[in-house]
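To keep things clear, I will list the structure first and then write my remarks on it.
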Amino acid sequence: MAGVAGGNDFQWCFSQVKGAIDEDVAEADIISTVEFNYSGELLATGDKGGRVVIFQHEQESKNRPHLRGEYNVYSTFQSHEPEFDYLKSLEIEEKINKIRWLPQQNAAHFLLSTNDKTIKLWKISERDKRAEGYNLKDEDGRLRDPFRITSLRVCLAVPQTCLILSMTLCDNFSKIDCCTFQVPVLMPMDLMVEASPRRIFANAHTYHINSISVNSDHETYLSADDLRINLWHLEITDRSFNIVDIKPANMEELTEVITAAECHPHQCNVFVYSSSKGTIRLCDMRAAALCDRHSKFFEEPEDPSSRSFFSEIISSISDVKFSHSGRYMMTRDYLSVKVWDLNMENRPVETYQVHEYLRSKLCSLYENDCIFDKFECCWNGSDSAIMTGSYNNFFRMFDRNTRRDITLEASRESSKPRATLKPRKVSTGGKRKKDEISVDSLDFNKKILHTAWHPKDNVIAVAATNNLYIFQDKIN
Amino acid sequence: MMPKGQKRKLSIEEEASDYRAPTWESQQQFLLTVSLNKYQFSQQLREPSLRRSVLIANTLRQISLQMSMVPSVNVEVSEPPGIASSALTASITNYSSESNFHITVISSILAALDSTIDGNPQPPPRIPLRPLENMSKPYEGSVALDLFQDIDTSLVDIDMGVIGHRSTEGGHTAGDDLFMYLPPFSPHSPFSPHSITPTSQNAQPALIGQLA
């Protein structure tokens, strides 16, 4: 798979943008999660209004093979509704925190979506045929008067009926009457995509769910809130196993919370979880029923020269993702992205600065709450590149092999079809070059928190507030 | 780290880590006040975030620790030699004791939050309000508490935060908020409501603001 940074061989260009153009953004339309499925054919987004929108990749047309197909809306449904917890007098937000796809096993697609408290398993299935000619109901669906159906009778005259001899209420067992029985026929209809909730996993989390992760056994998944991690079986909704609990006996002693968790992509007994103090713990479920004792503990020693009041807040990990290979994991804290080798616990093998120019602005960012923003990160399909978001609708990509990085912007201005994205630069020194933007001009309300990379191709989805941008590589 | 005495241009952020800088105290105070306001504001939100609360509480603890670790300051309120240093000692002792107090308040809030969130097999019974004419001596402290004299204090701790806060018009000072958040019968709290005088908090609501 090709690399990342702009060069002669590789460039990113605009493909599509979804969402309203309005300057006035409705809060409910703000995208809160983005996820490709395992094949990349489907792209799901969740928003603050509790809705899920799934886009499907259209096949490239044979006439124009140089163009990649587009993603078009496949299904839209309301996943979660706002709820009210009467006990605590608190509203439970309907915002979708995470969506995770299950591997496809049959014609239908399954995904897990979660808000702060409840996880739901949704089945998305296609229907393009309709049965007509029911015996027990009319064409408009109403049940026929049962007195009209005294028996199933067989008609030999009409070829569509099948030869089933059935019990009748009539004395004469072998009596064959004129038909009221026919076999329903499947007729084609317009494609309809239906989403139906198949499982609802509720009442297992006291605190806010921040992560869900499907296990490699495809039978279980984990869900993590601020203080606990539970393991579920996809078929069982009325109980889950608590595997991590960091709640102190005395809440006054609470100084650390769980911020993210993920299952290992290949070893179904291994998972990791990150904390607000910048540490990652890897746990093995075979070791104990309750994985409070970690198998591995990842933490980078703090650099004493850069210590400040905000050191802990900026070390808080907002996302953790295993590489596809399962050899590495990546963590995102406020200013950087770190790649860890699972065999080395004392420091990351790679560190990438996302927006180091913000380090001198931490006090202001604390004051306006931006320092609490939780950015996500993602790998490309071959684990050779990583991507994460920043402010001003900028997002950054790092090539692990060439060590090159690039800053791009998701904006309507560069939204012409197949227009190449121009690299952006933030000026940190005194002199601002042309086309650079100064740190003080950055728009901190335009934050890119959620990004996703196609599992196989160079196609990326970037959520900018209420808009979803899709970019792809330029096919020469 | 720059050596002492060297002239340099510092941004207010950079000064935060150097306690010898002249604006260090005001920076500390600023951060204290901002953090406390933040914490209170987050409790009003539809969805109080535990992560955010914990991070703010940790930051406050850190500020408080740093204050009490300043070597030139004697934490005990003893008889200091000069006038200038006594003023400094007194003000820093005040700050540090207040920040300890802040930490205690925040810890109590976290604990109170927890008592109804988790661990209780049954919810505490809801006691109906008594009619006003049957009320006996008013509860000391906040006016807002008068109506809830009869109610289990663990409930009051929770409701206070919401009701007490909403009962004030905007622009209250941080000192007033501390009163509202006092755990009434907390045995381990070293301070009773009346022993705290809101000192020069430098509360400048216009400066702090809520920029969210």
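Note on naming: chains are A, B, ... as they come in the structure tokens, residues start from 1 per chain, ligands start from 1 in the order shown.
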**Asked** Any idea what's packed within 9 Å of segment 409-422 of chain A, counting only C-alpha atoms, ignoring anything in its chain fewer than 3 positions away? Could you give it as a list in words?
**Response**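 With the cut-off at 9 Å, the set is Gly6, Gln11, Trp12, Cys13, Phe14, Ser15, Gln16, Val17, Ile21, Asn392, Asn393, Phe394, Phe395, Arg396, Ile448, Val462, Ala463, Ala464, Tyr469, Phe471, Gln472, Asp473 and Lys474 of chain A.
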**Request:** Do a neighbour search on segment 34-49 of chain A at 10 Å with only C-alpha atoms, toss out local chain neighbours closer than 4 positions, and write the hits as a ChimeraX atom specification.
**Result:** /A:26-30,53-59,71-82,93-104,109-111,113-115,449-457,459-463,465-466,468
**Message:** For a quick check of understanding, using only C-alpha atoms, which of B:Ser26, B:Thr33, B:Gln44, B:Thr59 has the smallest distance to chain A?
**Reply:**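 Comparing B:Ser26, B:Thr33, B:Gln44, B:Thr59 against chain A, the winner is B:Thr59.
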Sorted by chain and rising residue number, list the residues of chain A at most 8 Å from chain B (counting only C-alpha atoms), each with its closest atom pair and distance in Å to one decimal, as CSV.
residue,atom,partner,partner_atom,distance
A:Leu87,CA,B:Pro123,CA,7.6
A:Lys88,CA,B:Ile117,CA,7.4
A:Leu90,CA,B:Arg46,CA,6.8
A:Glu91,CA,B:Arg46,CA,6.3
A:Ile92,CA,B:Glu47,CA,7.4
A:Glu93,CA,B:Glu47,CA,7.4
A:Thr206,CA,B:Asp118,CA,6.8
A:Tyr207,CA,B:Leu50,CA,7.9
A:His208,CA,B:Ser49,CA,7.9
A:Asp226,CA,B:Arg51,CA,7.0
A:Asn250,CA,B:Ala111,CA,7.1
A:Met251,CA,B:Ala111,CA,5.0
A:Glu252,CA,B:Ser107,CA,4.6
A:Glu253,CA,B:Ser107,CA,7.7
A:Leu254,CA,B:Val54,CA,7.2
A:Thr255,CA,B:Val54,CA,5.9
A:Glu256,CA,B:Val54,CA,6.9
A:Val257,CA,B:Arg51,CA,6.1
A:Thr259,CA,B:Arg51,CA,7.8
A:Ser276,CA,B:Arg51,CA,7.2
A:Ser305,CA,B:Met1,CA,7.0
A:Arg307,CA,B:Ser17,CA,7.3
A:Ser308,CA,B:Ser17,CA,5.4
A:Phe309,CA,B:Thr59,CA,6.4
A:Phe310,CA,B:Thr59,CA,7.2
A:Glu312,CA,B:Leu55,CA,7.6
A:Ile313,CA,B:Leu55,CA,6.2
A:Ser360,CA,B:Glu13,CA,6.4
A:Lys361,CA,B:Glu13,CA,6.8
A:Leu362,CA,B:Glu13,CA,7.0
A:Cys363,CA,B:Glu13,CA,5.7
A:Glu367,CA,B:Val34,CA,7.0
A:Asn368,CA,B:Leu211,CA,4.9
A:Asp369,CA,B:Ala212,CA,6.4
A:Phe372,CA,B:Arg52,CA,7.0
With N, CA, C and O atoms retained, export the selected residues as a compact mmCIF listing (two decimals), in the first residue's frame.
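And here is the file that came out, out15.txt:
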# COMPACT_ATOMS: atom_id res chain seq x y z
N LEU A 87 -33.67 8.12 39.06
CA LEU A 87 -33.02 7.95 40.36
C LEU A 87 -32.01 9.05 40.61
O LEU A 87 -31.89 9.58 41.71
N LYS A 88 -31.27 9.39 39.60
CA LYS A 88 -30.23 10.40 39.78
C LYS A 88 -30.60 11.75 39.19
O LYS A 88 -29.81 12.67 39.21
N LEU A 90 -30.85 12.61 36.14
CA LEU A 90 -29.89 12.95 35.10
C LEU A 90 -30.41 12.45 33.77
O LEU A 90 -30.97 11.37 33.67
N GLU A 91 -30.18 13.28 32.77
CA GLU A 91 -30.52 12.81 31.43
C GLU A 91 -29.41 11.93 30.92
O GLU A 91 -28.23 12.20 31.16
N ILE A 92 -29.79 10.89 30.20
CA ILE A 92 -28.80 10.04 29.55
C ILE A 92 -28.79 10.44 28.09
O ILE A 92 -29.79 10.31 27.38
N GLU A 93 -27.64 10.92 27.66
CA GLU A 93 -27.53 11.42 26.30
C GLU A 93 -27.69 10.32 25.28
O GLU A 93 -27.26 9.19 25.50
N THR A 206 -22.43 1.79 35.31
CA THR A 206 -22.81 2.91 36.17
C THR A 206 -22.26 4.21 35.61
O THR A 206 -22.88 5.25 35.73
N TYR A 207 -21.09 4.14 35.04
CA TYR A 207 -20.42 5.33 34.53
C TYR A 207 -20.54 5.35 33.00
O TYR A 207 -21.14 4.48 32.41
N HIS A 208 -19.94 6.35 32.40
CA HIS A 208 -20.16 6.54 30.96
C HIS A 208 -19.30 5.62 30.13
O HIS A 208 -18.07 5.60 30.28
N ASP A 226 -15.80 4.57 32.72
CA ASP A 226 -14.70 5.27 33.40
C ASP A 226 -13.98 4.40 34.40
O ASP A 226 -12.79 4.60 34.67
N ASN A 250 -13.06 4.12 48.49
CA ASN A 250 -13.44 5.46 48.87
C ASN A 250 -13.29 6.35 47.64
O ASN A 250 -12.18 6.56 47.16
N MET A 251 -14.39 6.88 47.15
CA MET A 251 -14.32 7.65 45.92
C MET A 251 -13.45 8.90 46.05
O MET A 251 -13.00 9.45 45.05
N GLU A 252 -13.23 9.32 47.27
CA GLU A 252 -12.36 10.48 47.46
C GLU A 252 -10.94 10.19 47.02
O GLU A 252 -10.16 11.10 46.76
N GLU A 253 -10.60 8.90 46.96
CA GLU A 253 -9.25 8.53 46.55
C GLU A 253 -9.11 8.37 45.05
O GLU A 253 -8.06 8.00 44.56
N LEU A 254 -10.17 8.63 44.33
CA LEU A 254 -10.12 8.42 42.89
C LEU A 254 -9.24 9.46 42.22
O LEU A 254 -9.45 10.65 42.36
N THR A 255 -8.23 8.97 41.51
CA THR A 255 -7.36 9.91 40.80
C THR A 255 -7.16 9.52 39.35
O THR A 255 -6.50 10.23 38.60
N GLU A 256 -7.71 8.39 38.95
CA GLU A 256 -7.42 7.89 37.61
C GLU A 256 -8.67 7.20 37.06
O GLU A 256 -9.36 6.49 37.80
N VAL A 257 -8.96 7.41 35.78
CA VAL A 257 -10.10 6.73 35.17
C VAL A 257 -9.64 6.01 33.90
O VAL A 257 -8.60 6.33 33.33
N THR A 259 -9.88 5.40 30.06
CA THR A 259 -10.26 6.29 28.96
C THR A 259 -10.57 5.55 27.66
O THR A 259 -11.31 6.05 26.83
N SER A 276 -6.33 7.94 32.32
CA SER A 276 -6.21 9.39 32.27
C SER A 276 -4.84 9.86 32.74
O SER A 276 -4.54 11.04 32.66
N SER A 305 11.87 18.30 32.40
CA SER A 305 12.04 19.68 31.95
C SER A 305 10.75 20.24 31.37
O SER A 305 10.59 21.45 31.25
N ARG A 307 7.72 19.63 32.64
CA ARG A 307 6.64 19.47 33.61
C ARG A 307 5.89 20.77 33.81
O ARG A 307 6.48 21.83 33.93
N SER A 308 4.58 20.71 33.88
CA SER A 308 3.79 21.89 34.18
C SER A 308 2.53 21.42 34.91
O SER A 308 2.34 20.24 35.14
N PHE A 309 1.69 22.37 35.26
CA PHE A 309 0.44 22.01 35.93
C PHE A 309 -0.43 21.13 35.04
O PHE A 309 -1.29 20.42 35.52
N PHE A 310 -0.20 21.25 33.74
CA PHE A 310 -1.07 20.55 32.81
C PHE A 310 -0.49 19.24 32.32
O PHE A 310 -1.06 18.60 31.46
N GLU A 312 -0.32 16.33 33.57
CA GLU A 312 -1.16 15.13 33.67
C GLU A 312 -2.31 15.17 32.68
O GLU A 312 -2.61 14.17 32.02
N ILE A 313 -2.93 16.35 32.55
CA ILE A 313 -4.08 16.42 31.65
C ILE A 313 -3.67 16.10 30.22
O ILE A 313 -4.37 15.40 29.50
N SER A 360 2.65 25.89 24.36
CA SER A 360 2.76 27.15 25.09
C SER A 360 1.40 27.79 25.32
O SER A 360 1.30 28.83 25.95
N LYS A 361 0.35 27.18 24.83
CA LYS A 361 -0.99 27.75 24.96
C LYS A 361 -1.86 26.93 25.90
O LYS A 361 -3.08 27.11 25.93
N LEU A 362 -1.24 26.05 26.66
CA LEU A 362 -2.04 25.10 27.43
C LEU A 362 -2.94 25.79 28.44
O LEU A 362 -4.04 25.31 28.73
N CYS A 363 -2.48 26.90 29.00
CA CYS A 363 -3.32 27.58 30.00
C CYS A 363 -4.62 28.06 29.37
O CYS A 363 -5.71 27.87 29.93
N GLU A 367 -8.47 26.82 30.00
CA GLU A 367 -9.55 27.73 30.33
C GLU A 367 -10.75 27.54 29.41
O GLU A 367 -11.90 27.56 29.86
N ASN A 368 -10.50 27.35 28.13
CA ASN A 368 -11.64 27.19 27.21
C ASN A 368 -12.02 25.74 26.99
O ASN A 368 -12.82 25.44 26.10
N ASP A 369 -11.47 24.85 27.81
CA ASP A 369 -11.86 23.44 27.83
C ASP A 369 -11.32 22.61 26.68
O ASP A 369 -11.56 21.41 26.63
N PHE A 372 -9.47 19.26 27.16
CA PHE A 372 -10.17 18.02 27.47
C PHE A 372 -10.68 17.30 26.22
O PHE A 372 -11.31 16.25 26.33
**Asked** Do you have the atom CA of Pro304 of chain A-atom CA of Lys338 of chain A distance handy?
**Response** 18.6 Å
**Message:** If I take atom CA of Lys374 of chain A and atom CA of Asn269 of chain A, how far is one from the other in Å, to one decimal?
**Reply:** 27.3 Å
**Request:** Calculate how many Å separate atom CA of Ala204 of chain A from atom CA of Ser240 of chain A, rounding to one decimal.
**Result:** 7.3 Å
**Message:** Which of segment 307-361 of chain A end up as helix (DSSP H, G or I) when DSSP is run on this backbone - answer as a VMD selection string?
**Reply:** chain A and resid 311 to 315 356 to 361
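Non-sequential neighbours of His355 of chain A (distance at most 10 Å, separation of 2 or more positions within a chain, only C-alpha atoms) are Tyr334, Leu335, Ser336, Tyr352, Gln353, Tyr357, Leu358, Arg359, Gly389, Ser390, Tyr391, Arg396, Val426 and Val439 of chain A.
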